[in-house]
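A.B. asks: One structure coming up, written as structure tokens, with questions to follow.
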There are 4 protein chains.
Amino acid sequence: MSATRLNIGLIGLGRLGQVYARDLSSRIACTRLVAVADVDRTAVDATVQQFGVRGYTDLGGLLADQEVDAFVIVSPTHLHASQTAECAKTGKPVFCEKPPSISLDQALFMKQAVADSGIFFQLGFMRRFDAGYAAAKKRIAEGAIGEPVVFKATSRDPFRPSVEYANPKSSGGMIVDMGIHDFDLARWFMGEVRRVTAIGGVLAYPELGEVGDIDNAVVTLEFASGKLGVVDLTRNGIYGYDITTELLGTGGTLRIGYLRETPLMVMTKNAVTHDTVPYFMERFRDAYTVQLENFAENVLKGRPAPITVDDGVEALRVALAATRARETGQPVDVAAITA
Amino acid sequence: MSATRLNIGLIGLGRLGQVYARDLSSRIACTRLVAVADVDRTAVDATVQQFGVRGYTDLGGLLADQEVDAFVIVSPTHLHASQTAECAKTGKPVFCEKPPSISLDQALFMKQAVADSGIFFQLGFMRRFDAGYAAAKKRIAEGAIGEPVVFKATSRDPFRPSVEYANPKSSGGMIVDMGIHDFDLARWFMGEVRRVTAIGGVLAYPELGEVGDIDNAVVTLEFASGKLGVVDLTRNGIYGYDITTELLGTGGTLRIGYLRETPLMVMTKNAVTHDTVPYFMERFRDAYTVQLENFAENVLKGRPAPITVDDGVEALRVALAATRARETGQPVDVAAITA
Amino acid sequence: MSATRLNIGLIGLGRLGQVYARDLSSRIACTRLVAVADVDRTAVDATVQQFGVRGYTDLGGLLADQEVDAFVIVSPTHLHASQTAECAKTGKPVFCEKPPSISLDQALFMKQAVADSGIFFQLGFMRRFDAGYAAAKKRIAEGAIGEPVVFKATSRDPFRPSVEYANPKSSGGMIVDMGIHDFDLARWFMGEVRRVTAIGGVLAYPELGEVGDIDNAVVTLEFASGKLGVVDLTRNGIYGYDITTELLGTGGTLRIGYLRETPLMVMTKNAVTHDTVPYFMERFRDAYTVQLENFAENVLKGRPAPITVDDGVEALRVALAATRARETGQPVDVAAITA
Amino acid sequence: MSATRLNIGLIGLGRLGQVYARDLSSRIACTRLVAVADVDRTAVDATVQQFGVRGYTDLGGLLADQEVDAFVIVSPTHLHASQTAECAKTGKPVFCEKPPSISLDQALFMKQAVADSGIFFQLGFMRRFDAGYAAAKKRIAEGAIGEPVVFKATSRDPFRPSVEYANPKSSGGMIVDMGIHDFDLARWFMGEVRRVTAIGGVLAYPELGEVGDIDNAVVTLEFASGKLGVVDLTRNGIYGYDITTELLGTGGTLRIGYLRETPLMVMTKNAVTHDTVPYFMERFRDAYTVQLENFAENVLKGRPAPITVDDGVEALRVALAATRARETGQPVDVAAITA
């Protein structure tokens with residue numbers, strides 16, 4: 001590790017992994033991609049050729065690579081905990097995509113592994129690095145809206161996921177899958193959540209119900225401070241990808257989110273029309289890059305991680321509490337979720 | 001009653017009563033204000049002088065006025081039920097502002113009085129007559145968003161009411177006072193509500209807590225159909241009066257509401273600013289007029305009332321269920337609210 | 001004339017005249033409509049019946065009506081000058097709709113008649129009373145944008161006028177007919193115009209060309225102060241009625257105008273759509289009322305007229321200069337327009 | 001030159017040059033940066049180190065570099081023509097930033113050099129590759145607004161350039177410097193310009209007047225087809241970088257442009273505020289990348305250049321005509337500009 005550039009070993013070459021490969025190799029000045037690992041040999045070979053890096057189809061090879069200064073894990077969620085634990089044994093810094101796991105046990109295992117090893121660990125919640133969310137955080141600190149007292153978040157997907165993806169056994173169910181970002185923001189802006197209620201159902205896509213998932217939900221949050229929150233989630237956004245968050249304060253309100261993608265407005269008889277944000281990569285492309293850059297800078301400069309494994313564990317705990325609340329129709333204390 | 005113009009006796013000369021006096025006398029072609037009643041002699045005298053009508057300081061005088069074709073009641077809420085019952089005895093048509101009462105018993109009494117008398121009765125929920133809400137209803141009927149499956153409403157006041165006004169003994173508490181409009185819209189767009197949860201608290205104005213009220217709440221709705229809803233209410237809108245409603249459908253979404261009052265944008269260094277809607281009279285001025293005109297036309301043309309006393313009773317029942325849910329921290333079946 | 005209410009004699013019962021009749025009789029507290037005059041007996045009779053006023057089919061009758069305190073002229077433009085001159089002989093205050101005339105000679109005749117009689121005279125340019133334009137004027141005075149240096153205005157009609165209406169012999173041609181409001185705003189915000197250029201043509205509606213009119217034009221303005229302006233005019237707005245004005249200052253910019261009529265947004269696959277402002281009555285309804293109220297208050301309180309006959313003469317002179325510039329393809333000094 | 005990747009020699013390492021270096025080396029899959037040239041040794045060394053390429057402080061070295069497949073010229077404008085001519089001698093493809101020159105003679109020299117050599121040449125006008133402008137072009141072709149008949153463009157800089165930069169001897173003056181993009185768009189959307197008028201002056205920054213430049217201008221365009229256009233330019237945008245273009249058609253209107261940069265809205269007492277687009281790099285960052293990628297793909301796939309040297313020559317001719325029109329106060333035929 002030089003003082004100015006961090007050599008990265010990237011784990012996982014799915015869609016986001018390929019974006020990260022490009023970011024790490026060229027868009028971020030303080031990183032250098034030196035090696036990648038994935039079980040898919042074709043993906044490894046393509047990346048090796050494109051970026052001139054070393055490639056491994058087993059994690060062990062990458063773990064042993066002496067040139068690697070730090071690991072970035074962007075593999076499927078069910079591998080996050082075990083791979084983090086493996087990487088942690090090398091003592092090198094690790095960045096891992098959210099969530100730690102869809103199982104609290106696994107997330108706690110991951111937390112323990114990080115703690116035992118004493119490594120630098122940073123979890124990915126890219127929204128915190130979006131220009132809008134970052135500015136909101138700053139404006140609140142400056143007092144722009146007084147004390148924030150109500151947190152309100154909307155997450156809408158423009159289409160349903162595949163039935164395979166949606167299966168709660170792998171996705172954790174919609175409230176975990178979609179809501180985890182909102183629960184992280186809730187904690188980031190407002191503090192710990194004490195109690196949740198949730199309603200939800202299969203209203204648009206019956207096929208999701210057949211694998212045990214839902215397509216719409218509303219979750220209410222009571223924070224430990226007595227403040228309030230509400231998160232609504234839908235798979236039938238239809239008009240586009242809409243991530244909107246509001247912070248109501250005693251002196252004003254901040255709203256983060258937009259609906260318009262290109263600079264074009266089409267004005268025809270009696271109507272003005274514009275297009276919408278297609279999906280998460282269009283909305284949060286820059287946030288992903290800024291997030292990785294932040295990780296590298298934190299490592300290089302010895303700064304603490306802004307998002308810890310605990311942030312992942314606690315956001316997951318809220319999501320699991322909301323899932324249980326939805327299933328039982330009863331309020332659930334977040335602290336009651338212990339496994 | 002001529003075939004084309006309805007002679008109105010107006011009951012109540014508070015702020016909204018004075019607006020109605022002007023609407024009935026001049027803005028609406030098919031009505032004529034002929035008499036007014038209020039216990040406040042000064043208000044009566046001023047109205048008599050301004051509009052050249054007869055004035056009464058007791059309801060009995062107005063009830064006996066032979067020129068009056070129909071009554072419009074816009075008195076304080078606690079008088080709605082008894083005054084409706086009195087008017088009903090004359091057999092003449094009655095329009096009464098929402099809500100029927102803040103007490104379900106009183107509302108049911110009012111319902112019975114209307115039923116017993118057989119009069120034409122129309123309840124006021126002016127939002128239904130707003131151009132935006134009316135257009136939304138029409139667009140849904142045309143299939144613009146497929147089947148609406150999630151109802152989402154926000155009501156924000158730009159400042160807190162007086163402590164006296166907020167006292168739940170007279171206002172019914174914030175969930176009733178602010179939410180009744182949203183619950184009516186919920187029923188209008190989505191059908192009956194089966195079950196509610198609610199959270200709320202005193203987060204901005206401690207003085208409201210001293211009289212037993214709250215200043216923020218979130219209410220979730222499960223409709224009998226299995227569809228979902230959420231209503232959030234706040235007294236600390238601060239930036240303006242913000243009434244926004246969304247209908248998420250299987251094929252699209254409708255959003256009703258706006259944040260901009262005048263056509264002016266002020267663009268200064270790095271910022272674009274516009275003003276906001278001050279309060280309900282600026283937002284719903286035209287809706288009030290259209291509503292009264294609709295009442296008169298329904299009477300003159302023998303059409304049924306689009307909003308009945310039942311609509312008031314059932315919206316109130318949802319509001320009372322949500323109030324109880326907030327107080328107990330438990331979900332409440334709407335049908336369980338019987339008094 | 002009482003100290004608090006002005007008895008109005010209304011001249012002209014066309015579309016706008018009927019709006020004014022209602023405003024004067026009921027929407028404005030300090031006016032009372034007492035008599036009307038129009039050559040169309042049917043219109044007179046209907047108004048007499050609706051508002052309980054006296055009606056005349058000849059101007060002479062109205063001029064002799066002793067109860068009339070002041071005249072409001074909203075007849076066809078070619079009658080403005082002569083009727084103002086007739087009214088002026090009574091010595092009573094006169095409000096006259098813009099423009100004074102489409103002929104500079106006639107406008108100067110009207111100016112002379114007003115001057116000779118010494119009456120209170122106020123010309124109608126309703127945009128100045130629109131909430132947006134009024135707020136803009138105030139914000140500039142407060143220094144919100146520093147010194148305004150560029151004036152930029154757009155006027156778009158949603159459809160073409162009838163060919164009969166458009167005939168330049170009666171309308172003055174598009175630059176006069178549509179632009180006169182923008183030229184008045186230009187003078188109001190920026191001062192006198194020294195020189196103009198103009199381009200224009202028949203681009204959308206060939207039938208307008210057949211009567212000698214055009215359907216699109218761009219006019220540049222050089223003010224006496226050296227400041228700059230540009231006005232673009234179109235008959236093929238298609239998407240709605242769009243009146244937008246910008247004032248660029250040394251410290252910021254003000255934009256007045258909007259494109260959205262109702263509070264409804266329709267969000268369907270990949271698109272967000274809202275409706276637009278239909279036409280001038282929807283856009284400037286309130287401004288018309290405020291303007292008449294302002295006239296009455298000025299008379300009752302002895303305040304000077306904010307818009308004089310000179311404002312009409314000079315806006316017309318700019319419009320005629322621009323028309324000549326368009327016809328000749330050469331810049332025209334406004335001062336060169338003397339007849 | 002492989003079939004899939006173009007080896008680029010980059011000429012010019014100023015601000016935009018450095019952006020291009022990164023784009024060519026990593027953001028664009030089908031290019032590879034292999035060498036750079038600039039007279040500034042420090043800039044060359046830094047780029048060599050960062051991207052692992054060869055560096056030259058004289059153009060001759062780069063011209064002789066055998067690995068280079070194509071040149072990208074992003075040097076100061078006064079070097080465009082001569083450097084293009086030098087590169088053309090190698091017979092290799094050339095991409096050159098706009099404008100060809102600020103002198104028509106030089107631009108014509110460049111045109112001749114390209115023609116004589118027969119090389120593939122593509123000029124840079126990045127707006128054509130912006131998502132909004134590209135979508136507008138497509139929508140017009142699809143008939144979304146009928147026949148476009150009026151072109152309207154606004155370009156506003158958020159602050160004035162340095163006095164040195166603004167000097168017309170090097171910049172060509174504001175109408176050339178800022179307007180050239182708008183004149184290119186005018187030609188792209190509407191066809192050739194026949195005649196222009198222009199007004200302008202020093203209204204905000206007297207210091208610009210001292211070197212002979214202006215800070216505000218309005219240019220009208222008459223197209224050869226009889227269609228109309230207007231372009232307004234200002235250095236005192238103040239509130240942000242605002243590039244807005246409208247195409248008015250016989251069946252609707254397209255507006256390209258936006259004012260909002262981040263997804264954040266700040267809502268405080270009676271006001272809603274959002275930030276604005278800072279400057280051209282924020283607004284057109286992606287367009288620059290897409291443009292270079294387009295160049296490389298055209299070369300690799302043997303497609304013709306979408307923007308030719310003629311496009312630069314003709315846009316410049318319109319800009320020079322408008323500059324002369326502004327100086328003389330008289331309309332100028334574009335064809336009259338021959339040197």
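FYI, nothing fancy with the structure tokens labels: chains A, B, ... in order, residues from 1 per chain, ligands from 1 as they appear.
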Find the residues near range 207-220 of chain A: any atom within 6 Å, counting only C-alpha atoms, skip ones fewer than 4 places away on the same chain, and give them as a ChimeraX atom specification.
C.D. replies: /A:163,167,173,196-202,229-235
A.B. asks: Take the residues from that selection and write them out as a short mmCIF file (atom, residue, chain, number, x, y, z; two decimals), in the first residue's frame, keeping N, CA and C atoms.
C.D. replies:
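Output file selection03.cif follows:
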```cif
data_model
loop_
_atom_site.label_atom_id
_atom_site.label_comp_id
_atom_site.auth_asym_id
_atom_site.auth_seq_id
_atom_site.Cartn_x
_atom_site.Cartn_y
_atom_site.Cartn_z
N VAL A 163 -39.36 -13.80 -9.98
CA VAL A 163 -39.92 -14.57 -8.89
C VAL A 163 -38.80 -15.29 -8.12
N ASN A 167 -37.98 -14.60 -3.95
CA ASN A 167 -38.20 -15.64 -2.94
C ASN A 167 -37.57 -15.23 -1.61
N GLY A 173 -37.30 -11.31 1.70
CA GLY A 173 -38.64 -10.73 1.55
C GLY A 173 -38.54 -9.24 1.25
N VAL A 196 -41.83 -1.03 15.76
CA VAL A 196 -42.37 -0.90 14.41
C VAL A 196 -43.74 -1.55 14.29
N THR A 197 -44.52 -1.06 13.34
CA THR A 197 -45.69 -1.78 12.87
C THR A 197 -45.55 -1.90 11.37
N ALA A 198 -46.28 -2.81 10.78
CA ALA A 198 -46.19 -2.93 9.32
C ALA A 198 -47.44 -3.58 8.78
N ILE A 199 -47.87 -3.09 7.62
CA ILE A 199 -48.92 -3.75 6.87
C ILE A 199 -48.36 -4.00 5.47
N GLY A 200 -48.93 -4.97 4.79
CA GLY A 200 -48.42 -5.25 3.46
C GLY A 200 -49.25 -6.32 2.81
N GLY A 201 -49.02 -6.52 1.52
CA GLY A 201 -49.79 -7.54 0.85
C GLY A 201 -49.37 -7.69 -0.60
N VAL A 202 -50.01 -8.64 -1.23
CA VAL A 202 -49.79 -8.88 -2.66
C VAL A 202 -50.92 -8.19 -3.41
N GLY A 229 -41.52 7.81 12.34
CA GLY A 229 -41.11 7.58 10.97
C GLY A 229 -42.09 6.68 10.24
N VAL A 230 -42.04 6.77 8.91
CA VAL A 230 -42.87 5.89 8.10
C VAL A 230 -42.13 5.61 6.80
N VAL A 231 -42.19 4.36 6.38
CA VAL A 231 -41.53 3.93 5.15
C VAL A 231 -42.56 3.18 4.32
N ASP A 232 -42.75 3.62 3.06
CA ASP A 232 -43.62 2.82 2.20
C ASP A 232 -42.82 2.28 1.03
N LEU A 233 -43.13 1.02 0.72
CA LEU A 233 -42.36 0.27 -0.27
C LEU A 233 -43.30 -0.31 -1.31
N THR A 234 -42.92 -0.23 -2.56
CA THR A 234 -43.77 -0.82 -3.59
C THR A 234 -42.93 -1.37 -4.72
N ARG A 235 -43.40 -2.48 -5.29
CA ARG A 235 -42.76 -3.05 -6.47
C ARG A 235 -43.41 -2.50 -7.74
#
```
A.B. asks: Residues of chain D within 8 Å of chain A, using only C-alpha atoms, as a ChimeraX atom specification?
C.D. replies: /D:22,25-27,131-133,135-136,144-145,251-258,262-269
A.B. asks: With C-alpha atoms retained, export the selected residues as an mmCIF file, in the first residue's frame.
C.D. replies:
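Written out: out.cif:
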```
data_model
loop_
_atom_site.group_PDB
_atom_site.id
_atom_site.type_symbol
_atom_site.label_atom_id
_atom_site.label_comp_id
_atom_site.auth_asym_id
_atom_site.auth_seq_id
_atom_site.Cartn_x
_atom_site.Cartn_y
_atom_site.Cartn_z
ATOM 1 C CA ARG D 22 -9.483 10.027 -18.160
ATOM 2 C CA SER D 25 -8.153 5.809 -20.852
ATOM 3 C CA SER D 26 -10.916 4.310 -18.765
ATOM 4 C CA ARG D 27 -14.486 5.485 -19.151
ATOM 5 C CA ALA D 131 -29.332 12.892 -23.489
ATOM 6 C CA GLY D 132 -31.842 15.745 -23.651
ATOM 7 C CA TYR D 133 -30.811 17.138 -27.018
ATOM 8 C CA ALA D 135 -33.907 12.729 -27.295
ATOM 9 C CA ALA D 136 -35.321 15.975 -28.673
ATOM 10 C CA ALA D 144 -43.943 14.650 -31.579
ATOM 11 C CA ILE D 145 -44.351 18.376 -32.246
ATOM 12 C CA GLY D 251 -48.190 20.438 -33.060
ATOM 13 C CA GLY D 252 -46.345 21.003 -29.777
ATOM 14 C CA THR D 253 -43.162 22.231 -28.186
ATOM 15 C CA LEU D 254 -39.997 20.605 -26.855
ATOM 16 C CA ARG D 255 -38.027 22.227 -24.066
ATOM 17 C CA ILE D 256 -34.542 21.003 -23.242
ATOM 18 C CA GLY D 257 -32.886 22.167 -20.048
ATOM 19 C CA TYR D 258 -33.198 22.084 -16.292
ATOM 20 C CA THR D 262 -29.073 17.794 -6.654
ATOM 21 C CA PRO D 263 -32.141 15.853 -5.552
ATOM 22 C CA LEU D 264 -32.486 18.119 -2.497
ATOM 23 C CA MET D 265 -35.301 20.583 -1.825
ATOM 24 C CA VAL D 266 -35.116 22.799 1.240
ATOM 25 C CA MET D 267 -38.527 23.863 2.478
ATOM 26 C CA THR D 268 -38.539 26.604 5.054
ATOM 27 C CA LYS D 269 -41.012 29.225 6.135
#
```
A.B. asks: Extract the full set of helix (DSSP H, G or I) residues from range 260-331 of chain B according to DSSP on the backbone, and format it as a PyMOL selection string.
C.D. replies: chain B and resi 280-301+309-328
A.B. asks: With a distance cut-off of 10 Å and only C-alpha atoms, select the neighbouring residues of range 100-106 of chain D, excluding the residue or stretch itself and same-chain residues fewer than 4 positions from it, and output the selection as a ChimeraX atom specification.
C.D. replies: /D:76-82,84,96,110-112,123-124,168-173,176-177,180,309-317,319-320,337-339
A.B. asks: Might you pull out every residue within 12 Å of Ile307 in chain D, with only C-alpha atoms counted and same-chain residues fewer than 4 positions away left off, and present them as a PyMOL selection string?
C.D. replies: chain D and resi 95-100+120-129+184-185+187-188+291+294-295+298+303+311-315
A.B. asks: Near Pro278 in chain B, counting only C-alpha atoms, which residues have an atom at most 9 Å away, once you skip same-chain residues fewer than 6 positions from it, shown as number ranges by chain?
C.D. replies: B: 158, 239-242, 261; D: 270
A.B. asks: Counting only C-alpha atoms, what is within 7 Å of range 327-330 of chain A, bar same-chain residues fewer than 2 positions away, as a PyMOL selection string?
C.D. replies: (chain A and resi 197+323-325+332) or (chain B and resi 331)
A.B. asks: Would you mind exporting all heavy atoms of the selected residues as a short mmCIF file (atom, residue, chain, number, x, y, z; two decimals), in the first residue's frame?
C.D. replies:
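Now in result_18.cif:
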```cif
data_model
loop_
_atom_site.label_atom_id
_atom_site.label_comp_id
_atom_site.auth_asym_id
_atom_site.auth_seq_id
_atom_site.Cartn_x
_atom_site.Cartn_y
_atom_site.Cartn_z
N THR A 197 -44.52 -1.06 13.34
CA THR A 197 -45.69 -1.78 12.87
C THR A 197 -45.55 -1.90 11.37
O THR A 197 -44.78 -1.14 10.76
CB THR A 197 -47.03 -1.06 13.17
OG1 THR A 197 -47.18 0.05 12.27
CG2 THR A 197 -47.10 -0.58 14.61
N THR A 323 -40.73 -7.06 9.23
CA THR A 323 -41.23 -8.26 8.55
C THR A 323 -42.11 -9.06 9.49
O THR A 323 -43.21 -9.51 9.12
CB THR A 323 -40.04 -9.12 8.06
OG1 THR A 323 -39.25 -8.33 7.16
CG2 THR A 323 -40.52 -10.38 7.36
N ARG A 324 -41.64 -9.21 10.73
CA ARG A 324 -42.45 -9.96 11.70
C ARG A 324 -43.75 -9.20 12.01
O ARG A 324 -44.82 -9.81 12.14
CB ARG A 324 -41.66 -10.20 12.99
CG ARG A 324 -42.42 -11.11 13.97
CD ARG A 324 -41.66 -11.39 15.25
NE ARG A 324 -40.39 -12.08 15.01
CZ ARG A 324 -39.50 -12.36 15.97
NH1 ARG A 324 -39.77 -11.99 17.24
NH2 ARG A 324 -38.39 -12.97 15.69
N ALA A 325 -43.66 -7.88 12.13
CA ALA A 325 -44.87 -7.08 12.41
C ALA A 325 -45.89 -7.26 11.29
O ALA A 325 -47.09 -7.36 11.52
CB ALA A 325 -44.49 -5.61 12.55
N VAL A 332 -44.03 -4.63 16.90
CA VAL A 332 -42.89 -5.44 17.35
C VAL A 332 -41.79 -4.53 17.89
O VAL A 332 -41.43 -3.54 17.24
CB VAL A 332 -42.34 -6.29 16.18
CG1 VAL A 332 -41.02 -6.97 16.56
CG2 VAL A 332 -43.37 -7.32 15.74
N PRO B 331 -53.18 -2.23 17.03
CA PRO B 331 -54.09 -2.14 15.89
C PRO B 331 -55.53 -2.13 16.38
O PRO B 331 -55.85 -2.77 17.41
CB PRO B 331 -53.80 -3.41 15.09
CG PRO B 331 -52.44 -3.86 15.54
CD PRO B 331 -52.31 -3.43 16.95
#
```
A.B. asks: Could you jot down the CA of Val299 in chain C to CA of Gly91 in chain C separation for me, Å, one decimal place?
C.D. replies: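 CA of Gly91 in chain C lies 12.7 Å from CA of Val299 in chain C.
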A.B. asks: Could you pull out all residues of range 90-316 of chain D with a DSSP call of strand (DSSP E or B) and give them as number ranges by chain?
C.D. replies: D: 94-97, 121-124, 148-156, 193-201, 216-223, 228-234, 242-249, 253-256, 264-268, 271-275
A.B. asks: Please write the residues from the selection above to a file, keeping C-alpha atoms, as an mmCIF file, in the first residue's frame.
C.D. replies:
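selection_31.cif, written as the output of this step:
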```cif
data_model
loop_
_atom_site.group_PDB
_atom_site.id
_atom_site.type_symbol
_atom_site.label_atom_id
_atom_site.label_comp_id
_atom_site.auth_asym_id
_atom_site.auth_seq_id
_atom_site.Cartn_x
_atom_site.Cartn_y
_atom_site.Cartn_z
ATOM 1 C CA VAL D 94 -8.877 13.506 -36.128
ATOM 2 C CA PHE D 95 -11.376 14.707 -33.562
ATOM 3 C CA CYS D 96 -11.134 18.433 -32.821
ATOM 4 C CA GLU D 97 -13.001 20.475 -30.221
ATOM 5 C CA PHE D 121 -12.558 14.318 -39.307
ATOM 6 C CA GLN D 122 -15.117 14.937 -36.582
ATOM 7 C CA LEU D 123 -15.778 18.253 -34.865
ATOM 8 C CA GLY D 124 -16.860 18.527 -31.246
ATOM 9 C CA PRO D 148 -40.621 22.754 -35.774
ATOM 10 C CA VAL D 149 -41.009 26.404 -36.808
ATOM 11 C CA VAL D 150 -39.385 28.509 -34.080
ATOM 12 C CA PHE D 151 -36.002 27.881 -32.449
ATOM 13 C CA LYS D 152 -35.390 29.557 -29.116
ATOM 14 C CA ALA D 153 -32.213 29.240 -27.096
ATOM 15 C CA THR D 154 -30.880 30.703 -23.900
ATOM 16 C CA SER D 155 -27.306 30.400 -22.677
ATOM 17 C CA ARG D 156 -26.386 31.818 -19.306
ATOM 18 C CA VAL D 193 -29.622 30.667 -41.218
ATOM 19 C CA ARG D 194 -30.129 33.397 -43.803
ATOM 20 C CA ARG D 195 -30.164 36.628 -41.879
ATOM 21 C CA VAL D 196 -29.563 37.847 -38.349
ATOM 22 C CA THR D 197 -30.080 40.899 -36.196
ATOM 23 C CA ALA D 198 -28.449 41.415 -32.825
ATOM 24 C CA ILE D 199 -28.494 43.789 -29.906
ATOM 25 C CA GLY D 200 -26.119 43.692 -26.986
ATOM 26 C CA GLY D 201 -24.249 45.699 -24.457
ATOM 27 C CA ASN D 216 -25.510 40.416 -22.770
ATOM 28 C CA ALA D 217 -26.894 39.934 -26.252
ATOM 29 C CA VAL D 218 -30.020 38.940 -28.119
ATOM 30 C CA VAL D 219 -29.712 37.547 -31.630
ATOM 31 C CA THR D 220 -32.647 36.908 -33.974
ATOM 32 C CA LEU D 221 -32.391 34.350 -36.733
ATOM 33 C CA GLU D 222 -34.266 34.059 -39.995
ATOM 34 C CA PHE D 223 -33.724 30.652 -41.506
ATOM 35 C CA LEU D 228 -37.614 31.987 -37.026
ATOM 36 C CA GLY D 229 -35.156 31.827 -34.177
ATOM 37 C CA VAL D 230 -33.897 33.793 -31.221
ATOM 38 C CA VAL D 231 -30.857 33.291 -29.011
ATOM 39 C CA ASP D 232 -30.216 35.227 -25.830
ATOM 40 C CA LEU D 233 -26.848 35.172 -24.129
ATOM 41 C CA THR D 234 -25.802 36.461 -20.752
ATOM 42 C CA ASP D 242 -28.654 27.661 -17.551
ATOM 43 C CA ILE D 243 -28.771 26.219 -21.043
ATOM 44 C CA THR D 244 -32.345 26.004 -22.272
ATOM 45 C CA THR D 245 -33.513 25.381 -25.805
ATOM 46 C CA GLU D 246 -37.037 25.292 -27.153
ATOM 47 C CA LEU D 247 -38.399 24.027 -30.396
ATOM 48 C CA LEU D 248 -41.885 25.308 -31.114
ATOM 49 C CA GLY D 249 -43.690 23.193 -33.606
ATOM 50 C CA THR D 253 -43.162 22.231 -28.186
ATOM 51 C CA LEU D 254 -39.997 20.605 -26.855
ATOM 52 C CA ARG D 255 -38.027 22.227 -24.066
ATOM 53 C CA ILE D 256 -34.542 21.003 -23.242
ATOM 54 C CA LEU D 264 -32.486 18.119 -2.497
ATOM 55 C CA MET D 265 -35.301 20.583 -1.825
ATOM 56 C CA VAL D 266 -35.116 22.799 1.240
ATOM 57 C CA MET D 267 -38.527 23.863 2.478
ATOM 58 C CA THR D 268 -38.539 26.604 5.054
ATOM 59 C CA ALA D 271 -40.455 28.984 0.648
ATOM 60 C CA VAL D 272 -39.181 26.002 -1.302
ATOM 61 C CA THR D 273 -35.592 26.229 -2.522
ATOM 62 C CA HIS D 274 -33.348 24.020 -4.589
ATOM 63 C CA ASP D 275 -29.850 24.441 -5.891
#
```
